[in-house]
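Asks: Once you've had a glance at the structure underneath, I'll fire off some questions.
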Amino acid sequence: MTDRAIQIDNLTVRYGRNTAVDNVSLNVERGAVYALLGRNGAGKSSLIRCLLGQQKADAGGVRLFGDDVWQRRAALMQRVGVVSEDSDAPPEMSVGALARFCRCLYARWDQAAFETRMQHFGIGLDDRFGTLSKGQKKQVSLALALAMSPDLIVLDDPTLGLDVVARKALFEEVIGELADRGISVFVTTHDLSGIETFADRVGILQRGQLVLDEDADALRSRFRRIRFTAQPVALETGGLAATRMRSWGGGAEAIVSNYDDIAFERFRAASGVSAAEIEPMTLEEIFVAVAGENGGGR
Amino acid sequence: MRHALVIARRELAEKRFVALAAAAFAVLPFLLSTIPAIRARGGAADVIATGAALLSMGFTGGLALMLGSSMVGRDLSEGRLSFYFARPLGTAAIWFGKVAAGLALIAGTFLIIAVPSRIAAPAGWNHTWGGTGWKLALIIVGASCLLFFLAHVIGSFIRSRSAWIAVDFAAFCLAAFGGYFLLRELFETAAIQAMTAAAVMIGSGVVVALIGGGAWQLERGRTDRKRSHFALSQFVWTAIAGGLVLAAGFVAWIASARPNDLTEIRVEPQRQGPWLVVAGKARGRLDYMAAFVYNSETGGYKRLPVHGLYGQLMFTRDGNALLLGRHDRRTNTIEVFRREPGSGDEVSTGLTLPAYSEMTPTDDGSRIVSAERGRIVNVYDVAQRRSLVSARLPENAGYTAGMYFVTPSLVRLYKINRDAPVKVLRVFELDVASRALRQTGQLVLEGKYLGLVASDDGSRVFVRTPDALIVADGRTAAPQMTISGSTFRGATFLRDGGTALIRGDHAIEIRDAAGALTRTLPLSVPNAWSLRETPDGNFVTIGQGPDSSHTYVVDGKSGAVVQHIPALPVGWRGDLGWFGHDPRRATAALPALFTDDKRLLRWNYATKQAEVLLPRG
């Protein structure tokens, strides 16, 4: 039995001459939360479709729990809950009918849990899916995904178009479930603040290529924003790499991607800089720094 | 299976409004029948039944189109198919679940509309639908189901918005042309059973393509619209190509029959020479008629394409050419071809005639006379590929009883008037050089005309009526002798100028050139029906046994049977050569080749044994 919930090897997806996903490899351990970040058109949705066995890769492959997902999709989906970017459930079905439909398909369906969540979200079982608000649709999709007691949950931009309250509610529900069962989570999102507290590992997809794939804590520890009161600043004298440098007030602001205290002290001693303000960065800030204005999707 | 049912149930629940619409349609015929103006036209029962028939047909057809085009195609184009693919559902379950729901809706709505009218107006139903109507109902539902699958394929192609649709169109054209070409090949040879079998093979490919295509599309393309189109396209055209290849193999196998495969044999022989046309059904080839130009001495053969032939072939009297008339169904004309018996080349003579025209060539086939629609006589020169003379016969001339070249420049025609109480045999001659058509004589017949046979040189004719056999001059039709009686079974002109005929079952009467009865031979051949003189003064006659015809050689002096051959001489029955209208009967040599319908035989008169030429053991 493999310890990996997801294993993506050299995945490539092309649409004509465009390469949407370019030789991407990544792994998600069981029980881990993996956040895949990327701007619009970076190739996240194509990767998700391949991850769920809904699209065949042009090269490479995806394994879920050790099995090839293209070959064994139907069996694997017993263990995978999905909340898709566009709520794809038939709009004319009632929430109760959706649950009845899913109940026939899953061996570990938990009807009570589903109904409890619907009560918690304030959504009636007789409500038609098509008449629900965007946030409610996401909540129903999440409840359906969790009620089948998954080992892996895949969230494709689950908070897209949701207001702050709905986003908070949705992530709280996931976090609660994670705490209860320790399921693996693969999430693509723009809502970086939402995953800040529970992402174990972060990947950044840029123009189809995985430009960053790292443990979230390590990532946060090596990125720093440093503000200096004077210019110019030669960070390289201390062995520090500035991802971005810009003027700030009368001084300068640098985003450093390999910060550590010893290296900074070495820099300070060599450069004679005494006044510097060092701040840790959020995932969102790191994402902007890595995939910023010039490094977005296609 | 269980998952397919889950999906079918969901699809049915989603489209339950269709059943309500069908119920509303079911009520419509009853409402119409209450309108006096409509009811006055055919009675309430007929209005209800006719209305139900038309509405059920229209409703199920429209529903099939709508469901077929949207069932998968719409979900795919709207990105909603991922709902199913994100569940533990096999692609077969998704496809067949949706198909089951679609077909159930089609059949169900048909029943909802049709059944109330069947219960309420059984008489009208029987009258409108014919019989119990269930056969028509099955056809409607079956056609709607086919439409459902077809709409799915076309709908998926269109909704994908892929340029690949150009390839689909090209493949469709190729498949349609291929299917048409294969079926036409068999249709042109009138092989209806074989054509049906080939059509079933092609149809099987189409059915597999339509039913299995969706499953393959979902398995290979899943939620990707373009890949889904590509997968469907790949499956559909592969399956149809498979059906076409199977049918092509079948047609090739059918057409590969050899003379030895013939299970029944029809023969048109050369008057002199070893060549024959042998044709007939072949082993395992259903109703396909294979034909060959066959050399009875060497066993060699050339395949004779049979499309449009329908038995329209004849050897010229000198035996040097085989003329074939091939029917063109589109123009309903016959094009005449010529080929040397020993060569495989078939050359058009350039002569095209309306179908059912009568035709006779000169002895060497260099000219052909035709009587188009019985009235327009045309002499055509094959080498020059042009008409030499054309003439119109009188309106009351009637149909052609015989027609031949007396010389290459003189055509003689025998015409019998139609529909008149008194039958008149008229003789016409058309002179090619002077372009003159004139009547050279006529014979007024008592009672019906039954047939005409001319002597080998054409100088005399037998004209048969129900009560007499008249011997007349071949040119003027002036009667030379009338032999009374109604039980003539066969007659022939003798080399010495006399005549011989079979009377009843028991005697051959021989007369001299003046008509005097010179002798009567007792005949012990059962049901004898044909008579010819052999070069050594004996007679050949055919006796009809309980199962088949046998040939008997009868001693010309005693009437005793000296040879009994359990088969028919080839060419005596006119198996294939009904193309020509030459009434002259050859003074044949002793026949050598025979057929018993299953075999071609050569008779050894010395040993009285038959050698089987076809099929060879």
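Residue numbering restarts at 1 in every chain; chains get A, B, ... in the order shown in the structure tokens, and ligands count up from 1 in that same order.
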With a distance cut-off of 10 Å and only C-alpha atoms, select the neighbouring residues of B:Gln384, excluding the residue or stretch itself and same-chain residues fewer than 2 positions from it, and output the selection as a list in words.
Replies: Thr349, Gly350, Ser366, Arg367, Tyr380, Asp381, Val382, Arg386, Ser387 and Leu388 of chain B
Asks: Next, the residues of the selection above should be written as a PDB file, in the first residue's frame with N, CA and C atoms.
Replies:
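Generated file (part-v2.pdb):
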ATOM      1  N   THR B 349     -21.124  -1.778 -78.566  1.00  0.00           N
ATOM      2  CA  THR B 349     -21.393  -1.589 -79.991  1.00  0.00           C
ATOM      3  C   THR B 349     -21.834  -0.161 -80.261  1.00  0.00           C
ATOM      4  N   GLY B 350     -22.161   0.568 -79.190  1.00  0.00           N
ATOM      5  CA  GLY B 350     -22.668   1.926 -79.357  1.00  0.00           C
ATOM      6  C   GLY B 350     -24.173   1.953 -79.539  1.00  0.00           C
ATOM      7  N   SER B 366     -22.409  -8.155 -87.625  1.00  0.00           N
ATOM      8  CA  SER B 366     -21.936  -6.840 -88.076  1.00  0.00           C
ATOM      9  C   SER B 366     -23.070  -5.819 -88.119  1.00  0.00           C
ATOM     10  N   ARG B 367     -24.281  -6.297 -88.264  1.00  0.00           N
ATOM     11  CA  ARG B 367     -25.435  -5.402 -88.229  1.00  0.00           C
ATOM     12  C   ARG B 367     -26.481  -5.959 -87.255  1.00  0.00           C
ATOM     13  N   TYR B 380     -28.801  -1.172 -87.639  1.00  0.00           N
ATOM     14  CA  TYR B 380     -27.633  -0.491 -87.073  1.00  0.00           C
ATOM     15  C   TYR B 380     -26.381  -1.205 -87.541  1.00  0.00           C
ATOM     16  N   ASP B 381     -25.394  -0.423 -87.961  1.00  0.00           N
ATOM     17  CA  ASP B 381     -24.117  -0.993 -88.371  1.00  0.00           C
ATOM     18  C   ASP B 381     -23.126  -0.882 -87.212  1.00  0.00           C
ATOM     19  N   VAL B 382     -22.637  -2.033 -86.755  1.00  0.00           N
ATOM     20  CA  VAL B 382     -21.798  -2.054 -85.552  1.00  0.00           C
ATOM     21  C   VAL B 382     -20.445  -1.393 -85.815  1.00  0.00           C
ATOM     22  N   ARG B 386     -23.463   3.416 -86.395  1.00  0.00           N
ATOM     23  CA  ARG B 386     -24.533   4.344 -86.776  1.00  0.00           C
ATOM     24  C   ARG B 386     -25.707   3.563 -87.359  1.00  0.00           C
ATOM     25  N   SER B 387     -26.851   4.213 -87.336  1.00  0.00           N
ATOM     26  CA  SER B 387     -28.053   3.620 -87.904  1.00  0.00           C
ATOM     27  C   SER B 387     -28.013   3.760 -89.423  1.00  0.00           C
ATOM     28  N   LEU B 388     -28.317   2.642 -90.099  1.00  0.00           N
ATOM     29  CA  LEU B 388     -28.311   2.687 -91.565  1.00  0.00           C
ATOM     30  C   LEU B 388     -29.675   3.072 -92.101  1.00  0.00           C
TER      31      LEU B 388
END
Asks: Could the residues of chain B within 12 Å of chain A, counting only C-alpha atoms, be given as an NGL selection string, please?
Replies: :B and (1-17 or 74-94 or 162-163 or 218-228 or 231)
Asks: Can you tell me, as JSON, numbers by chain, what residues are no more than 7 Å from stretch 55-68 of chain B when counting only C-alpha atoms, ignoring any on the same chain fewer than 5 positions away?
Replies: {"B": [25, 102, 106, 109, 110, 113, 114, 140, 144, 145, 147, 148, 149, 151, 152]}
Asks: Go ahead and save the residues from that selection, with N, CA and C atoms, as a short mmCIF file (atom, residue, chain, number, x, y, z; two decimals), in the first residue's frame.
Replies:
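Output (selection22.cif):
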data_model
loop_
_atom_site.label_atom_id
_atom_site.label_comp_id
_atom_site.auth_asym_id
_atom_site.auth_seq_id
_atom_site.Cartn_x
_atom_site.Cartn_y
_atom_site.Cartn_z
N PHE B 25 -51.12 14.89 -25.58
CA PHE B 25 -51.26 14.53 -26.99
C PHE B 25 -52.26 13.38 -27.17
N GLY B 102 -33.70 7.04 -22.47
CA GLY B 102 -34.18 7.62 -23.74
C GLY B 102 -35.11 6.67 -24.46
N ILE B 106 -39.15 7.00 -25.30
CA ILE B 106 -39.70 6.92 -26.66
C ILE B 106 -40.82 5.89 -26.72
N THR B 109 -43.86 6.97 -24.34
CA THR B 109 -44.73 8.05 -24.84
C THR B 109 -45.54 7.58 -26.05
N PHE B 110 -44.93 6.68 -26.85
CA PHE B 110 -45.70 6.12 -27.97
C PHE B 110 -46.92 5.37 -27.43
N ILE B 113 -49.71 7.61 -26.11
CA ILE B 113 -50.54 8.25 -27.13
C ILE B 113 -51.39 7.21 -27.88
N ALA B 114 -50.79 6.04 -28.17
CA ALA B 114 -51.46 5.08 -29.04
C ALA B 114 -52.48 4.19 -28.32
N ILE B 140 -42.55 2.19 -36.12
CA ILE B 140 -42.44 3.59 -35.66
C ILE B 140 -41.48 3.69 -34.49
N SER B 144 -37.84 5.40 -34.54
CA SER B 144 -37.57 6.49 -33.59
C SER B 144 -36.31 6.21 -32.79
N CYS B 145 -36.13 4.93 -32.41
CA CYS B 145 -34.92 4.56 -31.64
C CYS B 145 -33.68 4.79 -32.50
N LEU B 147 -33.43 6.90 -34.91
CA LEU B 147 -33.31 8.35 -35.01
C LEU B 147 -32.63 8.92 -33.76
N PHE B 148 -32.97 8.33 -32.62
CA PHE B 148 -32.41 8.74 -31.32
C PHE B 148 -30.89 8.61 -31.34
N PHE B 149 -30.41 7.43 -31.78
CA PHE B 149 -28.95 7.20 -31.82
C PHE B 149 -28.29 8.11 -32.87
N ALA B 151 -29.34 10.98 -33.94
CA ALA B 151 -29.33 12.37 -33.44
C ALA B 151 -28.21 12.56 -32.43
N HIS B 152 -27.94 11.51 -31.65
CA HIS B 152 -26.84 11.62 -30.67
C HIS B 152 -25.52 11.84 -31.39
#
Asks: Between atom CA of A:Ser257 and atom CA of A:Ser271, measure the distance and give it in Å to one decimal.
Replies: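 Answer for the atom CA of A:Ser257 to atom CA of A:Ser271 separation: 19.1 Å.
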Asks: Name the residues in contact with stretch 16-28 of chain A at a cut-off of 10 Å, using only C-alpha atoms, excluding same-chain residues fewer than 6 positions from it; report them as a VMD selection string.
Replies: chain A and resid 3 to 10 34 to 35 41 to 47 57 to 65 184 to 186 200 to 201 203 205 to 211 213 to 214 297 to 298
Asks: Give me, please, the distance in Å between atom CA of B:Asp46 and atom CA of B:Ala121, quoted to one decimal.
Replies: 7.6 Å
Asks: Here is a test: counting only C-alpha atoms, which residue of A:Thr197, A:Thr131, A:Thr188, A:Thr282 is nearest to A:Arg225?
Replies: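 For A:Arg225, the nearest of the given residues is A:Thr282.
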Asks: What parts of stretch 26-113 of chain B does DSSP call alpha helix (DSSP H)? I'd like the answer as a ChimeraX atom specification.
Replies: /B:26-32,36-42,44-70,73-77,82-85,91-113
Asks: Name the residues of stretch 395-517 of chain B that fall into strand (DSSP E or B) according to DSSP on the backbone, using the chain letters and numbers of this document, as a PyMOL selection string.
Replies: chain B and resi 399-407+410-416+423-431+436-445+451-454+460-464+468-473+479-484+488-493+499-503+507-511+517
Asks: Keeping only C-alpha atoms, write the selected residues as an mmCIF file, in the first residue's frame.
Replies:
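Once written, again07.cif looks like this:
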data_model
loop_
_atom_site.group_PDB
_atom_site.id
_atom_site.type_symbol
_atom_site.label_atom_id
_atom_site.label_comp_id
_atom_site.auth_asym_id
_atom_site.auth_seq_id
_atom_site.Cartn_x
_atom_site.Cartn_y
_atom_site.Cartn_z
ATOM 1 C CA TYR B 399 -46.134 -7.361 -81.964
ATOM 2 C CA THR B 400 -43.094 -9.060 -83.461
ATOM 3 C CA ALA B 401 -43.361 -12.811 -83.906
ATOM 4 C CA GLY B 402 -40.012 -13.053 -85.659
ATOM 5 C CA MET B 403 -37.319 -10.911 -87.193
ATOM 6 C CA TYR B 404 -34.088 -11.736 -89.014
ATOM 7 C CA PHE B 405 -31.696 -10.720 -91.744
ATOM 8 C CA VAL B 406 -32.442 -12.637 -94.945
ATOM 9 C CA THR B 407 -29.260 -11.052 -96.251
ATOM 10 C CA LEU B 410 -32.668 -7.314 -96.205
ATOM 11 C CA VAL B 411 -34.631 -7.686 -92.975
ATOM 12 C CA ARG B 412 -37.773 -9.814 -92.698
ATOM 13 C CA LEU B 413 -40.311 -9.237 -89.924
ATOM 14 C CA TYR B 414 -43.342 -11.238 -88.866
ATOM 15 C CA LYS B 415 -45.977 -9.206 -87.063
ATOM 16 C CA ILE B 416 -49.186 -10.345 -85.362
ATOM 17 C CA LYS B 423 -55.487 -12.625 -86.067
ATOM 18 C CA VAL B 424 -53.440 -11.675 -89.109
ATOM 19 C CA LEU B 425 -49.819 -12.637 -89.565
ATOM 20 C CA ARG B 426 -48.146 -9.972 -91.703
ATOM 21 C CA VAL B 427 -44.737 -10.287 -93.316
ATOM 22 C CA PHE B 428 -42.669 -7.132 -93.909
ATOM 23 C CA GLU B 429 -39.318 -6.674 -95.554
ATOM 24 C CA LEU B 430 -37.011 -3.716 -95.040
ATOM 25 C CA ASP B 431 -34.442 -3.126 -97.761
ATOM 26 C CA ALA B 436 -37.933 0.696 -98.451
ATOM 27 C CA LEU B 437 -40.264 -1.035 -96.037
ATOM 28 C CA ARG B 438 -43.023 -3.065 -97.614
ATOM 29 C CA GLN B 439 -45.471 -5.773 -96.663
ATOM 30 C CA THR B 440 -44.708 -8.900 -98.658
ATOM 31 C CA GLY B 441 -47.644 -10.978 -97.552
ATOM 32 C CA GLN B 442 -50.124 -11.914 -94.868
ATOM 33 C CA LEU B 443 -51.949 -14.914 -93.457
ATOM 34 C CA VAL B 444 -55.348 -14.636 -91.846
ATOM 35 C CA LEU B 445 -55.611 -17.122 -88.998
ATOM 36 C CA GLY B 451 -46.396 -19.705 -82.453
ATOM 37 C CA LEU B 452 -44.129 -19.476 -85.457
ATOM 38 C CA VAL B 453 -41.029 -21.446 -86.456
ATOM 39 C CA ALA B 454 -39.077 -20.910 -89.671
ATOM 40 C CA ARG B 460 -40.955 -21.742 -95.072
ATOM 41 C CA VAL B 461 -42.665 -21.282 -91.716
ATOM 42 C CA PHE B 462 -44.850 -23.337 -89.430
ATOM 43 C CA VAL B 463 -47.690 -21.274 -88.030
ATOM 44 C CA ARG B 464 -49.451 -22.887 -85.142
ATOM 45 C CA ALA B 468 -54.116 -26.610 -87.114
ATOM 46 C CA LEU B 469 -50.500 -26.427 -88.122
ATOM 47 C CA ILE B 470 -50.062 -24.312 -91.243
ATOM 48 C CA VAL B 471 -47.016 -24.543 -93.470
ATOM 49 C CA ALA B 472 -46.609 -21.230 -95.283
ATOM 50 C CA ASP B 473 -44.167 -19.489 -97.542
ATOM 51 C CA PRO B 479 -50.271 -21.268 -97.087
ATOM 52 C CA GLN B 480 -48.763 -24.380 -98.623
ATOM 53 C CA MET B 481 -50.326 -26.972 -96.406
ATOM 54 C CA THR B 482 -52.685 -27.098 -93.460
ATOM 55 C CA ILE B 483 -52.545 -30.036 -91.101
ATOM 56 C CA SER B 484 -55.634 -30.214 -88.932
ATOM 57 C CA PHE B 488 -49.270 -31.377 -82.150
ATOM 58 C CA ARG B 489 -46.307 -31.600 -79.806
ATOM 59 C CA GLY B 490 -43.528 -30.599 -82.181
ATOM 60 C CA ALA B 491 -42.779 -30.183 -85.856
ATOM 61 C CA THR B 492 -39.686 -29.824 -88.010
ATOM 62 C CA PHE B 493 -38.723 -29.195 -91.603
ATOM 63 C CA THR B 499 -42.074 -32.135 -92.742
ATOM 64 C CA ALA B 500 -42.362 -34.253 -89.621
ATOM 65 C CA LEU B 501 -44.523 -33.699 -86.577
ATOM 66 C CA ILE B 502 -45.435 -35.422 -83.345
ATOM 67 C CA ARG B 503 -49.137 -36.096 -83.028
ATOM 68 C CA ALA B 507 -46.740 -41.082 -83.405
ATOM 69 C CA ILE B 508 -44.424 -39.155 -85.701
ATOM 70 C CA GLU B 509 -46.110 -38.210 -88.996
ATOM 71 C CA ILE B 510 -43.772 -37.689 -91.944
ATOM 72 C CA ARG B 511 -44.897 -35.835 -95.063
ATOM 73 C CA LEU B 517 -48.331 -38.275 -95.538
#
Asks: Give me the residues within 9 Å of B:Thr189 as number ranges by chain, counting only C-alpha atoms and dropping any in the same chain fewer than 2 places off.
Replies: B: 184-187, 191-192, 288-289, 305-310
Asks: Counting only C-alpha atoms, which residue out of B:Pro122, B:Leu210, B:Leu103, B:Arg330 sits closest to B:Val47?
Replies: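 Closest residue, counting only C-alpha atoms: B:Pro122.
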Asks: I need the residue nearest A:Tyr259 from this list: A:Gly96, A:Pro150, A:Pro280, A:Gly272. Use only C-alpha atoms for the distance.
Replies: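 Closest to A:Tyr259, using only C-alpha atoms: A:Pro280.
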Asks: Which is closest to B:Leu246 among B:Gly213, B:Gly273, B:Gly205, B:Pro259, if we use only C-alpha atoms?
Replies: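 Once distances to B:Leu246 are computed over only C-alpha atoms, the minimum belongs to B:Gly205.
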Asks: Could you name the residues that touch B:Phe30 at 12 Å or less, counting only C-alpha atoms, but leaving out those on the same chain fewer than 6 positions away, as a PyMOL selection string?
Replies: chain B and resi 23-24+38-39+43-52+55+113-114+116-118+120-121
Asks: Dump N, CA and C atoms for the selected residues as a PDB file, in the first residue's frame?
Replies:
ATOM      1  N   ALA B  23     -49.314  12.559 -22.615  1.00  0.00           N
ATOM      2  CA  ALA B  23     -50.696  12.352 -22.148  1.00  0.00           C
ATOM      3  C   ALA B  23     -51.611  13.415 -22.757  1.00  0.00           C
ATOM      4  N   ALA B  24     -51.114  14.641 -22.837  1.00  0.00           N
ATOM      5  CA  ALA B  24     -51.911  15.709 -23.444  1.00  0.00           C
ATOM      6  C   ALA B  24     -52.146  15.407 -24.929  1.00  0.00           C
ATOM      7  N   ILE B  38     -64.950  17.613 -38.541  1.00  0.00           N
ATOM      8  CA  ILE B  38     -63.878  16.621 -38.727  1.00  0.00           C
ATOM      9  C   ILE B  38     -64.451  15.216 -38.693  1.00  0.00           C
ATOM     10  N   ARG B  39     -65.373  15.000 -37.745  1.00  0.00           N
ATOM     11  CA  ARG B  39     -65.951  13.670 -37.594  1.00  0.00           C
ATOM     12  C   ARG B  39     -66.709  13.257 -38.847  1.00  0.00           C
ATOM     13  N   GLY B  43     -65.824   9.471 -39.549  1.00  0.00           N
ATOM     14  CA  GLY B  43     -66.336   8.796 -38.373  1.00  0.00           C
ATOM     15  C   GLY B  43     -65.384   8.984 -37.209  1.00  0.00           C
ATOM     16  N   ALA B  44     -65.960   8.952 -35.991  1.00  0.00           N
ATOM     17  CA  ALA B  44     -65.179   9.246 -34.788  1.00  0.00           C
ATOM     18  C   ALA B  44     -64.031   8.260 -34.606  1.00  0.00           C
ATOM     19  N   ALA B  45     -64.302   6.980 -34.851  1.00  0.00           N
ATOM     20  CA  ALA B  45     -63.265   5.959 -34.627  1.00  0.00           C
ATOM     21  C   ALA B  45     -62.061   6.193 -35.527  1.00  0.00           C
ATOM     22  N   ASP B  46     -62.346   6.525 -36.787  1.00  0.00           N
ATOM     23  CA  ASP B  46     -61.241   6.754 -37.723  1.00  0.00           C
ATOM     24  C   ASP B  46     -60.452   8.007 -37.357  1.00  0.00           C
ATOM     25  N   VAL B  47     -61.182   9.051 -36.923  1.00  0.00           N
ATOM     26  CA  VAL B  47     -60.499  10.301 -36.535  1.00  0.00           C
ATOM     27  C   VAL B  47     -59.577  10.038 -35.351  1.00  0.00           C
ATOM     28  N   ILE B  48     -60.088   9.292 -34.360  1.00  0.00           N
ATOM     29  CA  ILE B  48     -59.270   9.000 -33.165  1.00  0.00           C
ATOM     30  C   ILE B  48     -58.035   8.188 -33.561  1.00  0.00           C
ATOM     31  N   ALA B  49     -58.265   7.135 -34.381  1.00  0.00           N
ATOM     32  CA  ALA B  49     -57.139   6.266 -34.750  1.00  0.00           C
ATOM     33  C   ALA B  49     -56.122   6.998 -35.624  1.00  0.00           C
ATOM     34  N   THR B  50     -56.637   7.751 -36.607  1.00  0.00           N
ATOM     35  CA  THR B  50     -55.716   8.476 -37.499  1.00  0.00           C
ATOM     36  C   THR B  50     -54.948   9.528 -36.716  1.00  0.00           C
ATOM     37  N   GLY B  51     -55.684  10.256 -35.864  1.00  0.00           N
ATOM     38  CA  GLY B  51     -55.034  11.292 -35.054  1.00  0.00           C
ATOM     39  C   GLY B  51     -53.967  10.695 -34.163  1.00  0.00           C
ATOM     40  N   ALA B  52     -54.311   9.574 -33.517  1.00  0.00           N
ATOM     41  CA  ALA B  52     -53.335   8.934 -32.622  1.00  0.00           C
ATOM     42  C   ALA B  52     -52.120   8.452 -33.409  1.00  0.00           C
ATOM     43  N   LEU B  55     -50.067  11.600 -34.433  1.00  0.00           N
ATOM     44  CA  LEU B  55     -49.459  12.264 -33.272  1.00  0.00           C
ATOM     45  C   LEU B  55     -48.373  11.410 -32.639  1.00  0.00           C
ATOM     46  N   ILE B 113     -49.710   7.615 -26.108  1.00  0.00           N
ATOM     47  CA  ILE B 113     -50.544   8.248 -27.135  1.00  0.00           C
ATOM     48  C   ILE B 113     -51.386   7.206 -27.877  1.00  0.00           C
ATOM     49  N   ALA B 114     -50.786   6.042 -28.167  1.00  0.00           N
ATOM     50  CA  ALA B 114     -51.460   5.080 -29.042  1.00  0.00           C
ATOM     51  C   ALA B 114     -52.477   4.193 -28.322  1.00  0.00           C
ATOM     52  N   PRO B 116     -54.633   4.476 -25.654  1.00  0.00           N
ATOM     53  CA  PRO B 116     -56.028   4.889 -25.419  1.00  0.00           C
ATOM     54  C   PRO B 116     -56.883   4.810 -26.682  1.00  0.00           C
ATOM     55  N   SER B 117     -56.312   5.170 -27.813  1.00  0.00           N
ATOM     56  CA  SER B 117     -57.093   5.116 -29.051  1.00  0.00           C
ATOM     57  C   SER B 117     -57.359   3.668 -29.452  1.00  0.00           C
ATOM     58  N   ARG B 118     -56.399   2.776 -29.144  1.00  0.00           N
ATOM     59  CA  ARG B 118     -56.589   1.346 -29.470  1.00  0.00           C
ATOM     60  C   ARG B 118     -57.739   0.779 -28.650  1.00  0.00           C
ATOM     61  N   ALA B 120     -60.180   2.632 -27.143  1.00  0.00           N
ATOM     62  CA  ALA B 120     -61.441   3.337 -27.370  1.00  0.00           C
ATOM     63  C   ALA B 120     -61.991   3.138 -28.782  1.00  0.00           C
ATOM     64  N   ALA B 121     -61.093   2.974 -29.754  1.00  0.00           N
ATOM     65  CA  ALA B 121     -61.575   2.889 -31.143  1.00  0.00           C
ATOM     66  C   ALA B 121     -60.865   1.754 -31.883  1.00  0.00           C
TER      67      ALA B 121
END
Asks: Looking at A:Leu178, A:Ala166, A:Met245, A:Cys50, which one is nearest to A:Val13, with distances taken over only C-alpha atoms?
Replies: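 Of all the options, A:Cys50 lies closest to A:Val13.
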